[in-house]
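**Q** This structure is in structure tokens; I'll ask about it shortly.
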Amino acid sequence: MTTRHGWTTTPISADILRGALDLEQTDRGVLPHRLPARARAQISDAQLAMAESQPAGVRLAFRTRATAVELDVVATKRVYVGAPPRPDGVYELLVDGRLMGRTCASGGDTLTVDMSTGTAQTRPGPVETLRFNGLPDGEKDVEIWLPHDETTLLVALRTDAPLGSPPPNGRPVWLHHGSSISHGSNAATPTGTWPALAAASGGAELINMGFGGGALLDPFTARAMRDTPADLLSVKIGINIVNADLMRLRAFGPAVHGFLDTLRDGHPSAPLLVISPIHCPIHENTPGPLAPDFTAMSEGRVGFMATGDPAEVAAGKLTLTVIRDQLARIVEERAATDPHLHHLDGLDLYGADDHAELPLPDGLHPDPAAHRRIAERFARHAFGCGGPFAPRDR
């Protein structure tokens with residue numbers, strides 16, 4: 001820890017970072033990862049590699065008397081050829097759990113993706129300094145939530161008073177895995193994703209392993225969850241498997257069993273909640289693969305479309321309707337010998353009536369209001385009295 005011009009610089013380490021499973025030391029800064037190095041070594045998918053490096057649910061957490069905080073970062077800005085510009089990622093500062101400030105990094109590296117050719121190119125950019133002023137006097141717990149959808153190198157952390165690791169808060173650790181919806185796509189802020197909102201409501205410490213395009217029952221993800229200390233676990237399964245047209249009915253059931261078996265190897269008696277897909281009209285009865293809607297993009301909108309043939313469901317292609325039925329059956333069968341295994345129908349979080357009121361803007365992802373609704377319903381079901389995540393003496 002060094003002092004310069006009245007500022008205290010604190011090394012960025014796991015002691016003051018929550019929600020990341022690994023920290024990579026680079027020549028430009030510290031890169032938080034949501035999958036450990038062993039899992040990353042087995043990833044051949046550029047989409048998943050990008051998604052796990054986006055710090056959804058990752059936050060700096062420390063205790064301090066400081067009234068001003070500076071954070072140097074290099075953000076990665078994504079540009080999709082032909083699509084509308086993406087908003088800058090948001091950084092949120094909380095004091096004792098209350099939001100005190102928001103800001104963005106306007107510059108940084110630029111990743112340009114051409115979805116029509118499947119190519120991508122990165123252009124390096126500058127370090128940017130973010131500053132939060134006017135924090136209240138006195139000892140307090142401070143969190144800085146990093147952008148949920150923007151890869152962020154952490155270069156330096158400065159405060160106008162020394163800081164230390166926060167004391168244990170006694171809250172249970174909730175480890176959640178899901179798709180881009182859990183990752184936070186179309187949420188406006190990092191604390192506005194449905195898992196972050198639900199964790200705040202339920203009084204839990206979130207580790208968000210929601211990966212855009214990456215909830216594919218990968219064994220390395222299951223092993224990472226197996227090896228991560230947690231009190232509560234949940235997995236939201238289905239939409240990405242249909243999007244990618246990844247497997248057929250014959251393979252799906254054994255893959256789900258294998259994933260759950262691996263989780264139970266590391267967490268034999270923790271409450272484990274299996275969540276089926278929310279309502280998504282394009283894939284309810286139409287298989288994948290998913291494709292960008294280039295007509296929508298030509299009109300300045302982001303959109304997606306299902307390109308499969310419903311007639312092929314009889315031959316084993318998967319739809320959301322099929323997956324919901326299969327997950328309900330699998331959990332019911334396993335629960336006969338696993339009393340801590342639970343099922344939640346995704347339609348109870350967001351169903352057809354919700355879509356009529358709060359439609360998915362791009363055909364795939366909920367908007368900020370729908371994220372809030374999903375979070376409220378999940379928290380009521382999981383953390384409420386008698387719920388699978390409620391304290392056992394409640």
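Ligands are numbered from 1 in the order shown, residues from 1 within each chain, and chains are lettered A, B, ... in the order they appear in the structure tokens.
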For region 347-359 of chain A, list every protein, DNA or RNA residue within 10 Å, evaluated using only C-alpha atoms, and leave out those in the same chain fewer than 3 positions away; present the list as a PyMOL selection string.
**A** chain A and resi 275-281+324+344+362-371+373-378+381
**Q** Using N, CA, C and O atoms, can you export the residues from the last selection as a compact mmCIF listing (two decimals), in the first residue's frame?
**A**
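Written out: out.txt:
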```
# COMPACT_ATOMS: atom_id res chain seq x y z
N ILE A 275 -34.06 -24.44 -12.53
CA ILE A 275 -35.03 -23.50 -13.09
C ILE A 275 -35.14 -23.75 -14.58
O ILE A 275 -34.14 -23.78 -15.30
N SER A 276 -36.35 -23.89 -15.06
CA SER A 276 -36.56 -24.08 -16.50
C SER A 276 -36.71 -22.72 -17.19
O SER A 276 -36.78 -21.68 -16.53
N PRO A 277 -36.75 -22.67 -18.51
CA PRO A 277 -36.72 -21.40 -19.24
C PRO A 277 -37.96 -20.54 -19.02
O PRO A 277 -39.08 -21.04 -18.88
N ILE A 278 -37.73 -19.22 -19.03
CA ILE A 278 -38.85 -18.29 -19.07
C ILE A 278 -39.49 -18.33 -20.45
O ILE A 278 -38.95 -18.93 -21.39
N HIS A 279 -40.63 -17.68 -20.59
CA HIS A 279 -41.35 -17.66 -21.86
C HIS A 279 -40.55 -16.89 -22.92
O HIS A 279 -40.09 -15.78 -22.67
N CYS A 280 -40.39 -17.49 -24.07
CA CYS A 280 -39.69 -16.87 -25.20
C CYS A 280 -40.39 -17.35 -26.47
O CYS A 280 -40.15 -18.48 -26.92
N PRO A 281 -41.29 -16.55 -27.05
CA PRO A 281 -42.15 -17.02 -28.14
C PRO A 281 -41.43 -17.65 -29.31
O PRO A 281 -41.91 -18.62 -29.89
N ARG A 324 -38.85 -27.85 -20.67
CA ARG A 324 -39.55 -27.68 -19.39
C ARG A 324 -40.11 -29.02 -18.90
O ARG A 324 -40.01 -29.35 -17.70
N LEU A 344 -38.20 -25.11 -10.24
CA LEU A 344 -38.98 -23.89 -10.43
C LEU A 344 -39.26 -23.75 -11.92
O LEU A 344 -38.34 -23.66 -12.73
N ASP A 362 -35.79 -7.67 -27.92
CA ASP A 362 -35.08 -8.24 -29.06
C ASP A 362 -35.57 -9.65 -29.39
O ASP A 362 -34.95 -10.35 -30.18
N GLY A 363 -36.66 -10.05 -28.76
CA GLY A 363 -37.20 -11.39 -28.96
C GLY A 363 -36.57 -12.44 -28.08
O GLY A 363 -36.98 -13.61 -28.14
N LEU A 364 -35.59 -12.05 -27.25
CA LEU A 364 -34.84 -13.05 -26.50
C LEU A 364 -34.59 -12.66 -25.05
O LEU A 364 -34.60 -13.51 -24.16
N HIS A 365 -34.34 -11.37 -24.77
CA HIS A 365 -33.89 -10.94 -23.45
C HIS A 365 -34.90 -9.98 -22.81
O HIS A 365 -35.44 -9.11 -23.50
N PRO A 366 -35.11 -10.08 -21.49
CA PRO A 366 -36.01 -9.16 -20.80
C PRO A 366 -35.43 -7.77 -20.67
O PRO A 366 -34.21 -7.59 -20.60
N ASP A 367 -36.31 -6.77 -20.61
CA ASP A 367 -35.87 -5.39 -20.39
C ASP A 367 -35.71 -5.15 -18.89
O ASP A 367 -35.96 -6.05 -18.07
N PRO A 368 -35.25 -3.95 -18.47
CA PRO A 368 -35.02 -3.72 -17.04
C PRO A 368 -36.24 -3.97 -16.17
O PRO A 368 -36.12 -4.52 -15.06
N ALA A 369 -37.43 -3.59 -16.65
CA ALA A 369 -38.64 -3.82 -15.84
C ALA A 369 -38.92 -5.31 -15.69
O ALA A 369 -39.34 -5.77 -14.62
N ALA A 370 -38.69 -6.08 -16.74
CA ALA A 370 -38.90 -7.53 -16.65
C ALA A 370 -37.85 -8.18 -15.76
O ALA A 370 -38.15 -9.15 -15.05
N HIS A 371 -36.61 -7.68 -15.79
CA HIS A 371 -35.60 -8.19 -14.85
C HIS A 371 -36.09 -8.00 -13.41
O HIS A 371 -35.94 -8.91 -12.58
N ARG A 373 -39.19 -7.79 -12.36
CA ARG A 373 -40.31 -8.70 -12.09
C ARG A 373 -39.80 -10.12 -11.84
O ARG A 373 -40.25 -10.79 -10.91
N ILE A 374 -38.89 -10.58 -12.68
CA ILE A 374 -38.32 -11.92 -12.48
C ILE A 374 -37.65 -12.01 -11.12
O ILE A 374 -37.80 -13.01 -10.39
N ALA A 375 -36.89 -10.98 -10.75
CA ALA A 375 -36.19 -10.98 -9.46
C ALA A 375 -37.17 -11.04 -8.29
O ALA A 375 -36.96 -11.79 -7.32
N GLU A 376 -38.23 -10.26 -8.36
CA GLU A 376 -39.20 -10.25 -7.27
C GLU A 376 -39.85 -11.61 -7.11
O GLU A 376 -40.02 -12.10 -5.98
N ARG A 377 -40.21 -12.23 -8.22
CA ARG A 377 -40.86 -13.54 -8.14
C ARG A 377 -39.89 -14.62 -7.68
O ARG A 377 -40.25 -15.49 -6.90
N PHE A 378 -38.64 -14.54 -8.17
CA PHE A 378 -37.65 -15.53 -7.72
C PHE A 378 -37.39 -15.38 -6.23
O PHE A 378 -37.34 -16.39 -5.50
N HIS A 381 -40.21 -16.79 -4.22
CA HIS A 381 -40.26 -18.25 -4.27
C HIS A 381 -39.10 -18.88 -3.52
O HIS A 381 -39.30 -19.81 -2.73
```
**Q** Please give the complete set of residues from region 67-310 of chain A that DSSP, run on the backbone, assigns to strand (DSSP E or B), formatted as a PyMOL selection string.
**A** chain A and resi 69-80+90-95+98-104+108-114+119-123+128-132+140-145+152-159+163-164+173-178+205-210+232-236+272-275+290-292+304-306
**Q** So, counting only C-alpha atoms, which residue among A:Gly82, A:Gly266, A:Gly57, A:Gly101 is closest to Gly192 (chain A)?
**A**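 Closest residue, counting only C-alpha atoms: A:Gly57.
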**Q** Would you pick out the contacts of Ala105 (chain A) at 9 Å or less, using only C-alpha atoms, so that residues sharing its chain but fewer than 5 positions from it are not included, and give the list as a PyMOL selection string?
**A** chain A and resi 73-75+88-91+128-130
**Q** Looking at A:Thr64, A:Thr112, A:Gly118, A:Gln42, which one is nearest to Pro219 (chain A), with distances taken over only C-alpha atoms?
**A** A:Gln42
**Q** Counting only C-alpha atoms, what is within 8 Å of Ala20 (chain A), bar same-chain residues fewer than 4 positions away, as a PyMOL selection string?
**A** chain A and resi 32-35+55+58+207
**Q** Considering only C-alpha atoms, can you say which of A:Pro124, A:Pro361, A:Pro339, A:Gly203 comes closest to Trp174 (chain A)?
**A** A:Gly203
**Q** Return the single residue from A:Thr67, A:Pro36, A:Ser185, A:Met100 that is closest to Leu135 (chain A), with distances computed using only C-alpha atoms.
**A** A:Thr67
**Q** Would you mind reading off the distance between CA of Pro126 (chain A) and CA of Pro190 (chain A), one decimal, in Å?
**A**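 Interatomic distance here is 22.8 Å.
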**Q** So that I can see what lies close to Thr321 (chain A), please list as a PDB file with all heavy atoms, in the first residue's frame the residues with an atom at most 9 Å from it, counting only C-alpha atoms and leaving out residues fewer than 6 positions away in the same chain.
**A**
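Dumped to out_27.pdb:
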```
ATOM      1  N   PRO A 277     -36.751 -22.673 -18.515  1.00  0.00           N
ATOM      2  CA  PRO A 277     -36.717 -21.399 -19.237  1.00  0.00           C
ATOM      3  C   PRO A 277     -37.955 -20.542 -19.016  1.00  0.00           C
ATOM      4  O   PRO A 277     -39.077 -21.039 -18.879  1.00  0.00           O
ATOM      5  CB  PRO A 277     -36.617 -21.826 -20.709  1.00  0.00           C
ATOM      6  CG  PRO A 277     -36.094 -23.219 -20.685  1.00  0.00           C
ATOM      7  CD  PRO A 277     -36.645 -23.829 -19.431  1.00  0.00           C
ATOM      8  N   HIS A 283     -38.961 -19.541 -29.469  1.00  0.00           N
ATOM      9  CA  HIS A 283     -38.459 -20.903 -29.255  1.00  0.00           C
ATOM     10  C   HIS A 283     -39.411 -21.786 -28.454  1.00  0.00           C
ATOM     11  O   HIS A 283     -39.038 -22.904 -28.094  1.00  0.00           O
ATOM     12  CB  HIS A 283     -37.109 -20.864 -28.536  1.00  0.00           C
ATOM     13  CG  HIS A 283     -35.935 -20.633 -29.439  1.00  0.00           C
ATOM     14  ND1 HIS A 283     -35.762 -21.318 -30.621  1.00  0.00           N
ATOM     15  CD2 HIS A 283     -34.868 -19.790 -29.315  1.00  0.00           C
ATOM     16  CE1 HIS A 283     -34.633 -20.906 -31.196  1.00  0.00           C
ATOM     17  NE2 HIS A 283     -34.085 -19.986 -30.431  1.00  0.00           N
ATOM     18  N   GLU A 284     -40.616 -21.328 -28.176  1.00  0.00           N
ATOM     19  CA  GLU A 284     -41.532 -22.167 -27.402  1.00  0.00           C
ATOM     20  C   GLU A 284     -41.765 -23.510 -28.097  1.00  0.00           C
ATOM     21  O   GLU A 284     -41.716 -24.562 -27.472  1.00  0.00           O
ATOM     22  CB  GLU A 284     -42.857 -21.443 -27.174  1.00  0.00           C
ATOM     23  CG  GLU A 284     -42.781 -20.330 -26.159  1.00  0.00           C
ATOM     24  CD  GLU A 284     -42.398 -20.817 -24.766  1.00  0.00           C
ATOM     25  OE1 GLU A 284     -42.966 -21.836 -24.315  1.00  0.00           O
ATOM     26  OE2 GLU A 284     -41.529 -20.192 -24.142  1.00  0.00           O
ATOM     27  N   ASN A 285     -42.025 -23.460 -29.381  1.00  0.00           N
ATOM     28  CA  ASN A 285     -42.319 -24.680 -30.134  1.00  0.00           C
ATOM     29  C   ASN A 285     -41.500 -24.801 -31.415  1.00  0.00           C
ATOM     30  O   ASN A 285     -41.761 -25.683 -32.231  1.00  0.00           O
ATOM     31  CB  ASN A 285     -43.812 -24.736 -30.474  1.00  0.00           C
ATOM     32  CG  ASN A 285     -44.680 -24.769 -29.228  1.00  0.00           C
ATOM     33  OD1 ASN A 285     -44.657 -25.724 -28.465  1.00  0.00           O
ATOM     34  ND2 ASN A 285     -45.429 -23.694 -29.005  1.00  0.00           N
TER      35      ASN A 285
END
```
